[in-house]
>>> print(open('coords_39.pdb').read())   # PDB, C-alpha atoms, pLDDT in the B column
ATOM      1  CA  MET B   1      73.803 120.617 107.215  1.00 51.00           C
ATOM      2  CA  ASN B   2      72.843 117.916 104.725  1.00 81.00           C
ATOM      3  CA  SER B   3      71.057 115.373 106.929  1.00 90.00           C
ATOM      4  CA  ASP B   4      71.053 112.687 104.184  1.00 94.00           C
ATOM      5  CA  LEU B   5      74.848 112.919 103.966  1.00 96.00           C
ATOM      6  CA  TYR B   6      75.189 112.982 107.767  1.00 95.00           C
ATOM      7  CA  HIS B   7      73.138 109.801 108.223  1.00 96.00           C
ATOM      8  CA  PHE B   8      74.764 108.097 105.250  1.00 97.00           C
ATOM      9  CA  LEU B   9      78.249 108.719 106.698  1.00 97.00           C
ATOM     10  CA  VAL B  10      77.193 107.145 110.013  1.00 96.00           C
ATOM     11  CA  GLU B  11      75.883 104.067 108.158  1.00 96.00           C
ATOM     12  CA  ALA B  12      78.890 103.807 105.850  1.00 97.00           C
ATOM     13  CA  LYS B  13      81.514 104.120 108.561  1.00 96.00           C
ATOM     14  CA  LYS B  14      79.855 101.378 110.625  1.00 95.00           C
ATOM     15  CA  GLN B  15      79.870  99.092 107.558  1.00 95.00           C
ATOM     16  CA  THR B  16      83.519  99.533 106.543  1.00 95.00           C
ATOM     17  CA  TYR B  17      86.897  99.775 108.366  1.00 92.00           C
ATOM     18  CA  ALA B  18      85.444 100.212 111.873  1.00 91.00           C
ATOM     19  CA  ASN B  19      83.526  96.945 111.554  1.00 89.00           C
ATOM     20  CA  GLU B  20      86.104  94.168 111.810  1.00 85.00           C
ATOM     21  CA  LYS B  21      83.596  91.684 110.320  1.00 87.00           C
ATOM     22  CA  VAL B  22      83.446  93.560 106.997  1.00 90.00           C
ATOM     23  CA  LYS B  23      85.776  92.408 104.215  1.00 88.00           C
ATOM     24  CA  LYS B  24      87.906  94.742 102.125  1.00 91.00           C
ATOM     25  CA  ILE B  25      87.055  95.054  98.445  1.00 91.00           C
ATOM     26  CA  LEU B  26      89.502  94.609  95.572  1.00 91.00           C
ATOM     27  CA  SER B  27      92.284  97.212  95.732  1.00 91.00           C
ATOM     28  CA  SER B  28      91.583 100.251  93.535  1.00 90.00           C
ATOM     29  CA  ARG B  29      95.244 101.339  93.347  1.00 93.00           C
ATOM     30  CA  LYS B  30      98.599  99.616  93.757  1.00 95.00           C
ATOM     31  CA  GLY B  31      99.228  98.883  97.438  1.00 95.00           C
ATOM     32  CA  SER B  32      95.899 100.247  98.674  1.00 96.00           C
ATOM     33  CA  PHE B  33      93.343  98.741 101.048  1.00 95.00           C
ATOM     34  CA  ASP B  34      89.770  99.563 100.118  1.00 97.00           C
ATOM     35  CA  TYR B  35      86.271  99.471 101.567  1.00 96.00           C
ATOM     36  CA  GLU B  36      82.992 100.377  99.925  1.00 96.00           C
ATOM     37  CA  TYR B  37      79.423 100.814 101.089  1.00 97.00           C
ATOM     38  CA  SER B  38      76.332 101.983  99.219  1.00 96.00           C
ATOM     39  CA  ASN B  39      72.619 102.495  99.558  1.00 95.00           C
ATOM     40  CA  ASP B  40      70.136 103.548  96.872  1.00 92.00           C
ATOM     41  CA  LYS B  41      71.240 107.222  97.058  1.00 94.00           C
ATOM     42  CA  MET B  42      75.001 107.295  97.713  1.00 97.00           C
ATOM     43  CA  ILE B  43      78.249 105.316  97.482  1.00 97.00           C
ATOM     44  CA  TYR B  44      81.092 105.570 100.034  1.00 97.00           C
ATOM     45  CA  HIS B  45      84.649 104.541  99.168  1.00 97.00           C
ATOM     46  CA  ASP B  46      87.562 104.489 101.625  1.00 97.00           C
ATOM     47  CA  THR B  47      91.045 103.734 100.316  1.00 97.00           C
ATOM     48  CA  TYR B  48      94.223 103.833 102.394  1.00 97.00           C
ATOM     49  CA  PHE B  49      97.905 102.886 102.234  1.00 97.00           C
ATOM     50  CA  GLY B  50     100.229 101.664 104.971  1.00 94.00           C
ATOM     51  CA  GLY B  51      99.698 100.356 108.482  1.00 90.00           C
ATOM     52  CA  THR B  52     101.462 101.910 111.461  1.00 90.00           C
ATOM     53  CA  LYS B  53     102.037 104.987 109.279  1.00 94.00           C
ATOM     54  CA  PHE B  54      99.149 105.409 106.862  1.00 96.00           C
ATOM     55  CA  MET B  55      97.276 107.822 104.667  1.00 98.00           C
ATOM     56  CA  GLY B  56      93.944 107.605 103.001  1.00 98.00           C
ATOM     57  CA  GLU B  57      90.946 109.208 101.457  1.00 98.00           C
ATOM     58  CA  GLU B  58      87.206 108.770 101.730  1.00 98.00           C
ATOM     59  CA  VAL B  59      84.834 109.900  98.989  1.00 98.00           C
ATOM     60  CA  VAL B  60      81.046 109.900  98.870  1.00 98.00           C
ATOM     61  CA  TYR B  61      79.434 109.779  95.438  1.00 97.00           C
ATOM     62  CA  SER B  62      75.857 110.579  94.516  1.00 95.00           C
ATOM     63  CA  SER B  63      73.903 107.806  92.820  1.00 86.00           C
ATOM     64  CA  ASN B  64      75.084 109.073  89.415  1.00 88.00           C
ATOM     65  CA  ASP B  65      78.770 108.560  90.420  1.00 92.00           C
ATOM     66  CA  THR B  66      79.458 112.272  90.985  1.00 95.00           C
ATOM     67  CA  PRO B  67      81.858 112.875  93.923  1.00 97.00           C
ATOM     68  CA  ILE B  68      80.035 115.086  96.462  1.00 97.00           C
ATOM     69  CA  TRP B  69      82.051 114.849  99.711  1.00 98.00           C
ATOM     70  CA  GLY B  70      85.552 113.785 100.718  1.00 98.00           C
ATOM     71  CA  MET B  71      88.088 113.514 103.508  1.00 98.00           C
ATOM     72  CA  ASN B  72      91.867 113.007 103.531  1.00 98.00           C
ATOM     73  CA  TYR B  73      93.680 111.600 106.559  1.00 98.00           C
ATOM     74  CA  TYR B  74      97.175 110.712 107.784  1.00 98.00           C
ATOM     75  CA  GLY B  75      97.843 108.693 110.917  1.00 96.00           C
ATOM     76  CA  ILE B  76     100.870 107.405 112.757  1.00 95.00           C
ATOM     77  CA  THR B  77     101.304 104.892 115.547  1.00 93.00           C
ATOM     78  CA  LEU B  78     103.840 106.444 117.936  1.00 93.00           C
ATOM     79  CA  ASN B  79     104.345 103.230 119.939  1.00 87.00           C
ATOM     80  CA  GLU B  80     104.462 100.405 117.417  1.00 80.00           C
ATOM     81  CA  ASN B  81     104.605  97.776 120.167  1.00 81.00           C
ATOM     82  CA  LEU B  82     100.913  98.487 120.799  1.00 77.00           C
ATOM     83  CA  SER B  83      99.678  98.952 117.214  1.00 76.00           C
ATOM     84  CA  GLU B  84      97.273  96.003 116.739  1.00 79.00           C
ATOM     85  CA  GLU B  85      96.282  95.995 120.408  1.00 78.00           C
ATOM     86  CA  ALA B  86      95.413  99.705 120.192  1.00 80.00           C
ATOM     87  CA  MET B  87      93.367  99.224 117.019  1.00 81.00           C
ATOM     88  CA  ASP B  88      91.416  96.320 118.561  1.00 82.00           C
ATOM     89  CA  ASN B  89      90.842  97.967 121.976  1.00 86.00           C
ATOM     90  CA  ALA B  90      90.466 101.621 121.048  1.00 91.00           C
ATOM     91  CA  LEU B  91      90.273 102.628 117.409  1.00 93.00           C
ATOM     92  CA  ARG B  92      87.766 100.239 115.872  1.00 92.00           C
ATOM     93  CA  PRO B  93      85.391 100.244 118.891  1.00 94.00           C
ATOM     94  CA  ALA B  94      85.531 104.058 119.020  1.00 96.00           C
ATOM     95  CA  LEU B  95      84.858 104.373 115.297  1.00 96.00           C
ATOM     96  CA  MET B  96      81.820 102.089 115.665  1.00 95.00           C
ATOM     97  CA  LYS B  97      80.374 104.797 117.968  1.00 96.00           C
ATOM     98  CA  VAL B  98      80.337 107.363 115.150  1.00 96.00           C
ATOM     99  CA  GLY B  99      77.209 109.497 115.320  1.00 93.00           C
ATOM    100  CA  GLU B 100      76.411 108.687 118.963  1.00 93.00           C
ATOM    101  CA  ASP B 101      77.337 112.162 120.161  1.00 92.00           C
ATOM    102  CA  ARG B 102      76.875 115.600 118.642  1.00 86.00           C
ATOM    103  CA  ILE B 103      80.170 115.915 116.752  1.00 92.00           C
ATOM    104  CA  LEU B 104      80.598 115.455 113.007  1.00 95.00           C
ATOM    105  CA  PRO B 105      80.386 111.817 111.881  1.00 96.00           C
ATOM    106  CA  VAL B 106      83.778 111.822 110.176  1.00 97.00           C
ATOM    107  CA  ARG B 107      85.691 109.667 112.699  1.00 97.00           C
ATOM    108  CA  GLY B 108      84.595 108.554 116.191  1.00 96.00           C
ATOM    109  CA  PRO B 109      83.048 110.205 119.251  1.00 97.00           C
ATOM    110  CA  LYS B 110      84.607 113.048 121.222  1.00 97.00           C
ATOM    111  CA  GLU B 111      85.936 110.523 123.789  1.00 97.00           C
ATOM    112  CA  TYR B 112      85.951 106.754 124.290  1.00 96.00           C
ATOM    113  CA  MET B 113      87.625 104.664 127.020  1.00 96.00           C
ATOM    114  CA  ASN B 114      88.309 100.905 126.866  1.00 93.00           C
ATOM    115  CA  ASN B 115      90.817  98.579 128.597  1.00 90.00           C
ATOM    116  CA  GLY B 116      93.131 101.418 129.660  1.00 91.00           C
ATOM    117  CA  TYR B 117      92.978 103.137 126.264  1.00 93.00           C
ATOM    118  CA  ARG B 118      91.626 106.652 125.809  1.00 96.00           C
ATOM    119  CA  TYR B 119      90.453 107.716 122.368  1.00 96.00           C
ATOM    120  CA  THR B 120      89.721 111.388 121.649  1.00 97.00           C
ATOM    121  CA  PHE B 121      88.568 113.236 118.553  1.00 98.00           C
ATOM    122  CA  GLU B 122      88.491 117.014 118.238  1.00 97.00           C
ATOM    123  CA  VAL B 123      86.951 118.450 115.102  1.00 97.00           C
ATOM    124  CA  SER B 124      86.070 121.960 113.976  1.00 97.00           C
ATOM    125  CA  GLY B 125      83.815 123.064 111.143  1.00 97.00           C
ATOM    126  CA  ASP B 126      80.935 121.223 109.532  1.00 96.00           C
ATOM    127  CA  LEU B 127      80.447 118.692 106.745  1.00 96.00           C
ATOM    128  CA  ASP B 128      81.008 121.481 104.192  1.00 97.00           C
ATOM    129  CA  TYR B 129      84.564 122.104 105.499  1.00 98.00           C
ATOM    130  CA  PHE B 130      86.234 120.608 108.561  1.00 98.00           C
ATOM    131  CA  GLU B 131      89.506 119.528 110.139  1.00 98.00           C
ATOM    132  CA  GLY B 132      90.139 117.223 113.047  1.00 98.00           C
ATOM    133  CA  VAL B 133      92.680 115.435 115.231  1.00 98.00           C
ATOM    134  CA  GLU B 134      92.211 111.939 116.632  1.00 98.00           C
ATOM    135  CA  THR B 135      94.454 110.537 119.392  1.00 97.00           C
ATOM    136  CA  ILE B 136      94.805 107.334 121.367  1.00 95.00           C
ATOM    137  CA  SER B 137      96.607 107.192 124.708  1.00 95.00           C
ATOM    138  CA  LYS B 138      97.497 104.222 126.885  1.00 92.00           C
ATOM    139  CA  ASP B 139      98.251 104.956 130.546  1.00 89.00           C
ATOM    140  CA  GLU B 140      98.626 108.696 129.770  1.00 89.00           C
ATOM    141  CA  GLU B 141     101.166 108.004 126.948  1.00 92.00           C
ATOM    142  CA  LYS B 142     100.044 109.228 123.510  1.00 95.00           C
ATOM    143  CA  ILE B 143     100.529 106.238 121.211  1.00 94.00           C
ATOM    144  CA  TYR B 144      98.638 107.252 118.053  1.00 95.00           C
ATOM    145  CA  VAL B 145      97.581 110.412 116.248  1.00 97.00           C
ATOM    146  CA  LEU B 146      95.576 111.043 113.068  1.00 97.00           C
ATOM    147  CA  LYS B 147      94.844 114.337 111.329  1.00 98.00           C
ATOM    148  CA  CYS B 148      92.017 114.717 108.867  1.00 98.00           C
ATOM    149  CA  HIS B 149      90.313 117.386 106.798  1.00 98.00           C
ATOM    150  CA  GLY B 150      87.689 117.536 104.109  1.00 98.00           C
ATOM    151  CA  GLY B 151      84.311 118.740 102.997  1.00 98.00           C
ATOM    152  CA  ILE B 152      81.910 119.143 100.130  1.00 97.00           C
ATOM    153  CA  ILE B 153      83.234 118.529  96.602  1.00 97.00           C
ATOM    154  CA  LYS B 154      81.813 120.864  93.981  1.00 93.00           C
ATOM    155  CA  ARG B 155      82.811 121.817  90.447  1.00 84.00           C
TER     156      ARG B 155
END
>>> encode(input="coords_39.pdb", output="structure tokens")
Amino acid sequence: MNSDLYHFLVEAKKQTYANEKVKKILSSRKGSFDYEYSNDKMIYHDTYFGGTKFMGEEVVYSSNDTPIWGMNYYGITLNENLSEEAMDNALRPALMKVGEDRILPVRGPKEYMNNGYRYTFEVSGDLDYFEGVETISKDEEKIYVLKCHGGIIKR
């Protein structure tokens, strides 16, 4: 596994959507919401569309602007009455824990509990090629699900 990429993803994810203090950047496409993070070696860009039903893409570029890694995702809030509450109590805090356990740093930890919410993330593969499913439940009712997949980008 590419340890530079692994550690960069942990940094980038904690400095973008998961961190509610970070501001979005100017939209890169019509109707998109965008975040960007960079260090001296790589650039991370996350762009997504929608809200309670959303899709997006993350791309990591090398310092010469060559795309080297990416992930696509689609998520849906099954109980829209809890959408913002679930994001504030479960999703963002879970995503801020990226890299704290031994699973791939592409979403959050394997499990996170907060204020009656249960976040889970199951992923198979490695940073070269992976797929995963993220869920949030409230009082045993599944209220949110996201599916993602991605890996290394190579010409």
>>> atom_distance(input="coords_39.pdb", atom1="CA of Glu20 in chain B", atom2="CA of Leu91 in chain B")
11.0 Å
>>> closest_atom_pairs(input="coords_39.pdb", of="range 50-79 of chain B", to="range 132-146 of chain B", cutoff="9 Å", atoms="only C-alpha atoms", output="JSON lines")
{"residue": "B:Thr52", "atom": "CA", "partner": "B:Tyr144", "partner_atom": "CA", "distance": 8.9}
{"residue": "B:Tyr73", "atom": "CA", "partner": "B:Leu146", "partner_atom": "CA", "distance": 6.8}
{"residue": "B:Tyr74", "atom": "CA", "partner": "B:Leu146", "partner_atom": "CA", "distance": 5.5}
{"residue": "B:Gly75", "atom": "CA", "partner": "B:Leu146", "partner_atom": "CA", "distance": 3.9}
{"residue": "B:Ile76", "atom": "CA", "partner": "B:Val145", "partner_atom": "CA", "distance": 5.7}
{"residue": "B:Thr77", "atom": "CA", "partner": "B:Tyr144", "partner_atom": "CA", "distance": 4.4}
{"residue": "B:Leu78", "atom": "CA", "partner": "B:Ile143", "partner_atom": "CA", "distance": 4.7}
{"residue": "B:Asn79", "atom": "CA", "partner": "B:Ile143", "partner_atom": "CA", "distance": 5.0}
>>> residues_near_point(input="coords_39.pdb", point="(82.3, 100.6, 103.0)", cutoff="12 Å", atoms="all atoms listed in the file", output="count of residues only")
35
>>> resolve_selection(input="coords_39.pdb", expression="the PyMOL selection byres ((chain B and resi 120) around 7)", output="PyMOL selection string")
chain B and resi 110-112+118-119+121-122+134-136
>>> residues_near_point(input="coords_39.pdb", point="(81.8, 121.1, 90.3)", cutoff="10 Å", atoms="only C-alpha atoms", output="ChimeraX atom specification")
/B:66-68,153-155
>>> atom_distance(input="coords_39.pdb", atom1="CA of Asp40 in chain B", atom2="CA of Asp4 in chain B")
11.7 Å
>>> residues_around(input="coords_39.pdb", residues="Gly99 in chain B", least_positions_apart="3", cutoff="10 Å", atoms="only C-alpha atoms", output="PyMOL selection string")
chain B and resi 6-7+9-11+13-14+95-96+102-109
>>> closest_residue(input="coords_39.pdb", among="B:Lys147, B:Gly51, B:Ser63, B:Gly116", to="Glu84 in chain B", atoms="only C-alpha atoms")
B:Gly51
